[in-house]
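A.B. asks: Have a peek at coords.txt (compact mmCIF, C-alpha atoms).
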```
# COMPACT_ATOMS: atom_id res chain seq x y z
CA MET A 185 -48.99 3.63 2.85
CA GLU A 186 -50.46 1.06 5.22
CA LYS A 187 -53.75 0.89 3.36
CA GLU A 188 -51.96 0.07 0.13
CA ASN A 189 -50.24 -2.94 1.70
CA THR A 190 -53.36 -4.64 3.04
CA THR A 191 -54.84 -7.74 1.42
CA LYS A 192 -57.72 -5.62 0.10
CA GLY A 193 -55.23 -3.20 -1.40
CA ARG A 194 -53.60 -6.05 -3.37
CA ILE A 195 -56.76 -7.19 -5.16
CA LEU A 196 -56.74 -4.70 -8.02
CA PRO A 197 -52.96 -4.94 -8.65
CA SER A 198 -53.35 -8.73 -8.72
CA ILE A 199 -56.15 -8.56 -11.30
CA ILE A 200 -54.10 -6.09 -13.35
CA PHE A 201 -51.04 -8.35 -13.18
CA VAL A 202 -52.95 -11.43 -14.34
CA SER A 203 -54.69 -9.47 -17.11
CA GLU A 204 -51.40 -8.15 -18.47
CA LEU A 205 -49.69 -11.52 -18.02
CA TYR A 206 -52.30 -12.92 -20.38
CA ALA A 207 -52.73 -10.05 -22.85
CA LEU A 208 -49.12 -9.04 -23.54
CA PRO A 209 -47.79 -12.48 -24.60
CA VAL A 210 -50.97 -13.22 -26.56
CA GLN A 211 -50.68 -9.93 -28.43
CA PHE A 212 -47.05 -10.68 -29.29
CA TYR A 213 -48.00 -14.15 -30.50
CA LEU A 214 -50.78 -12.70 -32.67
CA LEU A 215 -48.30 -10.27 -34.20
CA LEU A 216 -45.77 -13.01 -34.88
CA ASP A 217 -48.19 -15.73 -35.99
CA GLY A 218 -48.52 -16.01 -39.75
CA SER A 219 -46.43 -12.91 -40.40
CA GLU A 220 -43.13 -12.49 -42.18
CA PHE A 221 -41.56 -10.82 -39.16
CA THR A 222 -38.48 -12.28 -37.56
CA PHE A 223 -38.54 -12.46 -33.78
CA LEU A 224 -36.39 -9.32 -33.61
CA SER A 225 -38.41 -7.31 -36.11
CA ALA A 226 -41.65 -8.41 -34.42
CA THR A 227 -40.27 -7.26 -31.07
CA VAL A 228 -39.39 -3.84 -32.49
CA ARG A 229 -42.84 -3.54 -34.09
CA PHE A 230 -44.52 -4.74 -30.87
CA PHE A 231 -42.88 -2.12 -28.68
CA SER A 232 -43.45 0.61 -31.26
CA PHE A 233 -47.01 0.93 -29.96
CA PHE A 234 -47.59 3.31 -27.05
CA THR A 235 -50.33 0.95 -25.94
CA ILE A 236 -47.89 -1.93 -25.57
CA LEU A 237 -45.17 0.15 -23.92
CA THR A 238 -47.58 1.62 -21.39
CA ASN A 239 -49.30 -1.67 -20.60
CA SER A 240 -45.82 -3.15 -20.13
CA ILE A 241 -45.06 -0.40 -17.63
CA VAL A 242 -48.30 -1.17 -15.83
CA PHE A 243 -47.42 -4.86 -15.82
CA PHE A 244 -43.99 -4.11 -14.39
CA TRP A 245 -45.51 -1.85 -11.72
CA SER A 246 -47.99 -4.56 -10.67
CA ALA A 247 -45.20 -7.16 -10.59
CA MET A 248 -43.04 -4.91 -8.40
CA PHE A 249 -46.01 -4.22 -6.14
CA LEU A 250 -46.78 -7.91 -5.68
CA PHE A 251 -43.33 -9.51 -5.80
CA GLY A 252 -40.75 -6.75 -5.51
CA GLY A 253 -39.92 -7.29 -1.86
CA LYS A 254 -37.90 -4.38 -0.52
CA SER A 255 -36.03 -3.59 -3.72
CA ASN A 256 -35.18 -0.07 -4.87
CA LEU A 257 -37.35 -0.59 -7.93
CA LYS A 258 -40.34 -1.40 -5.75
CA SER A 259 -39.65 1.75 -3.72
CA PHE A 260 -39.66 3.81 -6.92
CA PHE A 261 -42.84 2.22 -8.26
CA SER A 262 -44.51 2.61 -4.86
CA LYS A 263 -44.12 6.39 -4.88
CA TYR A 264 -47.42 8.21 -5.17
CA ALA A 265 -46.08 10.49 -7.93
CA THR A 266 -44.88 7.47 -9.94
CA ILE A 267 -48.22 5.67 -9.67
CA THR A 268 -50.08 8.86 -10.58
CA ALA A 269 -47.91 9.31 -13.67
CA ILE A 270 -48.57 5.69 -14.69
CA THR A 271 -52.28 6.32 -14.18
CA VAL A 272 -52.11 9.30 -16.52
CA TYR A 273 -50.26 7.26 -19.15
CA ILE A 274 -52.64 4.30 -19.13
CA MET A 275 -55.72 6.53 -19.06
CA ILE A 276 -54.44 8.31 -22.18
CA VAL A 277 -54.12 4.88 -23.81
CA GLY A 278 -57.78 4.22 -23.05
CA ILE A 279 -59.03 7.69 -23.94
CA VAL A 280 -57.20 7.95 -27.27
CA PHE A 281 -58.31 4.49 -28.38
CA ASN A 282 -61.93 4.86 -27.35
CA VAL A 283 -62.30 8.40 -28.71
CA LEU A 284 -60.21 8.23 -31.89
CA LEU A 285 -59.55 4.62 -32.85
CA ARG A 286 -62.35 2.34 -31.67
CA SER A 287 -64.58 3.16 -34.63
CA ILE A 288 -61.90 2.08 -37.13
CA ALA A 289 -60.59 -0.93 -35.17
CA HIS A 290 -62.59 -3.88 -36.46
CA LEU A 291 -61.22 -6.62 -34.25
CA THR A 292 -62.45 -10.14 -33.58
CA GLY A 293 -61.48 -13.14 -31.47
CA GLN A 294 -58.31 -12.90 -29.41
CA HIS A 295 -57.45 -9.57 -31.05
CA ARG A 296 -60.65 -8.11 -29.61
CA ILE A 297 -60.08 -9.63 -26.17
CA VAL A 298 -56.54 -8.33 -25.73
CA SER A 299 -57.54 -4.94 -27.16
CA GLU A 300 -60.29 -4.60 -24.56
CA ILE A 301 -57.83 -5.55 -21.82
CA PHE A 302 -55.29 -2.97 -23.00
CA HIS A 303 -57.70 -0.13 -23.74
CA ALA A 304 -60.61 -0.60 -21.34
CA VAL A 305 -60.06 -3.12 -18.55
CA VAL A 306 -56.56 -2.14 -17.40
CA PRO A 307 -57.04 1.66 -17.68
CA THR A 308 -60.24 1.39 -15.64
CA LEU A 309 -58.69 -0.86 -12.98
CA VAL A 310 -55.59 1.33 -12.62
CA PHE A 311 -57.74 4.44 -12.28
CA PHE A 312 -59.96 2.75 -9.68
CA TYR A 313 -56.88 1.65 -7.75
CA TRP A 314 -55.48 5.18 -7.85
CA LEU A 315 -58.79 6.79 -6.87
CA PHE A 316 -60.26 4.38 -4.34
CA VAL A 317 -57.34 2.39 -2.86
CA LEU A 318 -54.19 4.50 -2.97
CA PRO A 319 -53.98 7.07 -0.17
CA SER A 320 -53.82 10.57 -1.65
CA GLU A 321 -50.78 12.80 -1.31
CA LYS A 322 -50.20 16.43 -2.19
CA LEU A 323 -48.40 16.88 -5.51
CA SER A 324 -46.80 19.92 -7.12
CA PHE A 325 -47.90 20.80 -10.62
CA LYS A 326 -44.18 20.96 -11.45
CA VAL A 327 -44.10 17.15 -11.68
CA ILE A 328 -45.95 17.40 -14.99
CA LEU A 329 -42.75 18.38 -16.80
CA PRO A 330 -40.82 15.18 -15.95
CA TRP A 331 -43.99 13.17 -16.58
CA LEU A 332 -43.97 14.45 -20.16
CA ILE A 333 -40.51 13.04 -20.90
CA TYR A 334 -41.89 9.58 -21.70
CA PRO A 335 -44.56 10.67 -24.23
CA ILE A 336 -42.21 13.23 -25.83
CA ILE A 337 -39.51 10.59 -26.36
CA TYR A 338 -42.15 8.23 -27.74
CA ILE A 339 -43.46 10.77 -30.26
CA ILE A 340 -39.93 11.66 -31.42
CA TYR A 341 -39.04 7.96 -31.76
CA THR A 342 -42.26 7.21 -33.65
CA LEU A 343 -41.66 9.96 -36.20
CA LEU A 344 -37.98 9.10 -36.70
CA HIS A 345 -38.70 5.37 -36.87
CA GLY A 346 -41.53 6.03 -39.29
CA ILE A 347 -39.33 8.11 -41.59
CA SER A 348 -36.82 5.25 -41.80
CA THR A 349 -39.33 2.38 -42.09
CA ASN A 350 -42.61 3.94 -43.31
CA PHE A 351 -44.33 2.30 -40.35
CA TYR A 352 -46.52 4.48 -38.14
CA PRO A 353 -48.46 2.72 -35.37
CA TYR A 354 -51.34 5.23 -35.31
CA PRO A 355 -53.14 7.02 -38.16
CA PHE A 356 -52.95 10.45 -36.49
CA VAL A 357 -49.13 10.38 -36.76
CA ASP A 358 -48.92 8.67 -40.15
CA VAL A 359 -46.71 11.10 -42.06
CA THR A 360 -47.21 9.21 -45.34
CA LYS A 361 -50.96 9.93 -45.25
CA ILE A 362 -51.37 13.24 -43.40
CA GLY A 363 -47.96 14.89 -43.82
CA PHE A 364 -45.24 15.75 -41.33
CA GLU A 365 -46.75 19.08 -40.22
CA LYS A 366 -50.14 17.54 -39.41
CA ALA A 367 -48.47 14.65 -37.58
CA ILE A 368 -46.50 17.11 -35.43
CA ILE A 369 -49.66 19.08 -34.65
CA ASN A 370 -51.50 15.89 -33.69
CA GLY A 371 -48.56 14.89 -31.49
CA LEU A 372 -48.75 18.26 -29.73
CA PHE A 373 -52.48 17.77 -29.15
CA VAL A 374 -51.74 14.38 -27.58
CA LEU A 375 -49.15 16.02 -25.31
CA LEU A 376 -51.74 18.63 -24.40
CA ALA A 377 -54.08 15.81 -23.41
CA PHE A 378 -51.35 14.47 -21.12
CA VAL A 379 -50.97 17.89 -19.51
CA ILE A 380 -54.72 18.38 -19.02
CA LEU A 381 -55.23 14.92 -17.53
CA SER A 382 -52.18 15.39 -15.28
CA ILE A 383 -53.60 18.69 -14.01
CA ILE A 384 -56.95 17.02 -13.30
CA LEU A 385 -55.42 14.13 -11.34
CA ILE A 386 -53.09 16.42 -9.40
CA PHE A 387 -56.03 18.69 -8.56
CA ILE A 388 -58.04 15.69 -7.33
CA SER A 389 -55.04 14.44 -5.33
CA ASN A 390 -54.44 17.75 -3.63
CA LYS A 391 -58.13 18.26 -2.87
CA ARG A 392 -58.50 14.77 -1.38
CA SER A 393 -55.24 15.11 0.54
CA LYS A 394 -56.43 18.40 2.00
CA ASN A 395 -59.77 16.92 3.01
CA VAL A 396 -58.07 13.97 4.72
CA SER A 397 -55.69 16.18 6.67
```
Produce structure tokens that represent the structure in this file.

C.D. replies:
Amino acid sequence: MEKENTTKGRILPSIIFVSELYALPVQFYLLLDGSEFTFLSATVRFFSFFTILTNSIVFFWSAMFLFGGKSNLKSFFSKYATITAITVYIMIVGIVFNVLLRSIAHLTGQHRIVSEIFHAVVPTLVFFYWLFVLPSEKLSFKVILPWLIYPIIYIIYTLLHGISTNFYPYPFVDVTKIGFEKAIINGLFVLLAFVILSIILIFISNKRSKNVS
């Protein structure tokens, strides 16, 4: 991936890295500030959001890209399939928020700034990097199954954690308000969105790869 390693190819990952380096700690501070959470309970609550987990993955990818040297982790995060999966994940973060949650999220100040970074700025930048900077490769549609492991584990954790604590990070999986059956159905619809978006990106990848070759 020679193009990926050029100075031009590092611009978007650098912007993503700086954006996440600002937004993630600020969001944690906002959660902890003025609350009754202990540091440990705040950490658990913080990473109970798919938005935070996925933006953390993006942050880690950008850090590996910029500073990972020749480590095995950088090799893994440099794989086209890995970056495409991360692109799917972060785009779902943006799509779900902007379609389902933006109208009920009345945020101001720093809350609004970090929310826009998590749900608009970073998803857009990652997608642009994937589409316009990263050289395309042919992918099998079979990769969708392992890509689904992360969201499936997250949904299972969210429901189990919610049952034990009554905390649900998103209203469409809030068992206390919509019931367990409806929460499961909504979770399946979210997984379907992952599958559809994965199919679209793989189709684009294969078409672009074919045109290049």

A.B. asks: Just the residues within 7 Å of region 204-213 of chain A, please, counting all atoms listed in the file, with nothing from its chain fewer than 2 positions along; format it as a PyMOL selection string.

C.D. replies: chain A and resi 200-202+215-217+230+243+298+301

A.B. asks: Which residues are close to Phe356 (chain A), i.e. within 10 Å by only C-alpha atoms, leaving aside same-chain residues fewer than 6 positions away? Reply as a list of chain:residue names.

C.D. replies: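 In the requested format, the answer is A:Leu284, A:Leu285, A:Ile362, A:Gly363, A:Lys366, A:Ala367, A:Ile368, A:Ile369, A:Asn370, A:Gly371, A:Val374.
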
A.B. asks: So that I can check the surroundings of region 308-314 of chain A, please list as a ChimeraX atom specification every protein, DNA and RNA residue that reaches within 8 Å of it, counting all atoms listed in the file and ignoring chain neighbours fewer than 5 positions away.

C.D. replies: /A:196-197,200,267-268,271,274-275

A.B. asks: Quick one, how far is CA of Trp245 (chain A) from CA of Ser232 (chain A)?

C.D. replies: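 Atom-to-atom, CA of Trp245 (chain A) and CA of Ser232 (chain A) are spaced 19.8 Å apart.
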
A.B. asks: Write out as a compact mmCIF listing (two decimals) with C-alpha atoms, keeping the file's coordinate frame which residues come within 12 Å of Ala304 (chain A) when counting only C-alpha atoms, dropping same-chain ones fewer than 6 positions away.

C.D. replies:
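The result, written out as selection-v6.txt:
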```txt
# COMPACT_ATOMS: atom_id res chain seq x y z
CA ILE A 200 -54.10 -6.09 -13.35
CA SER A 203 -54.69 -9.47 -17.11
CA THR A 235 -50.33 0.95 -25.94
CA ASN A 239 -49.30 -1.67 -20.60
CA ILE A 274 -52.64 4.30 -19.13
CA MET A 275 -55.72 6.53 -19.06
CA ILE A 276 -54.44 8.31 -22.18
CA VAL A 277 -54.12 4.88 -23.81
CA GLY A 278 -57.78 4.22 -23.05
CA ILE A 279 -59.03 7.69 -23.94
CA VAL A 280 -57.20 7.95 -27.27
CA PHE A 281 -58.31 4.49 -28.38
CA ASN A 282 -61.93 4.86 -27.35
CA VAL A 283 -62.30 8.40 -28.71
CA ARG A 286 -62.35 2.34 -31.67
CA ARG A 296 -60.65 -8.11 -29.61
CA ILE A 297 -60.08 -9.63 -26.17
CA VAL A 298 -56.54 -8.33 -25.73
CA VAL A 310 -55.59 1.33 -12.62
CA PHE A 311 -57.74 4.44 -12.28
```

A.B. asks: Show me, as a list in words, the residues that have an atom within 12 Å of Ile340 (chain A) when counting only C-alpha atoms, minus same-chain residues fewer than 2 positions from it.

C.D. replies: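 The residues that qualify are Ser232, Ile333, Tyr334, Pro335, Ile336, Ile337, Tyr338, Thr342, Leu343, Leu344, His345, Gly346, Ile347, Tyr352, Val357, Phe364, Ala367, Ile368, Gly371, Leu372 and Leu375 of chain A.
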
A.B. asks: What's the separation between CA of Phe234 (chain A) and CA of Asp358 (chain A), in Å to one decimal place?

C.D. replies: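 Value for the CA of Phe234 (chain A)-CA of Asp358 (chain A) distance: 14.2 Å.
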
A.B. asks: So, with all atoms listed in the file as the atoms that count, which of A:Leu250, A:Leu385, A:Ile328, A:Ile288 lies closest to Tyr354 (chain A)?

C.D. replies: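 Once distances to Tyr354 (chain A) are computed over all atoms listed in the file, the minimum belongs to A:Ile288.
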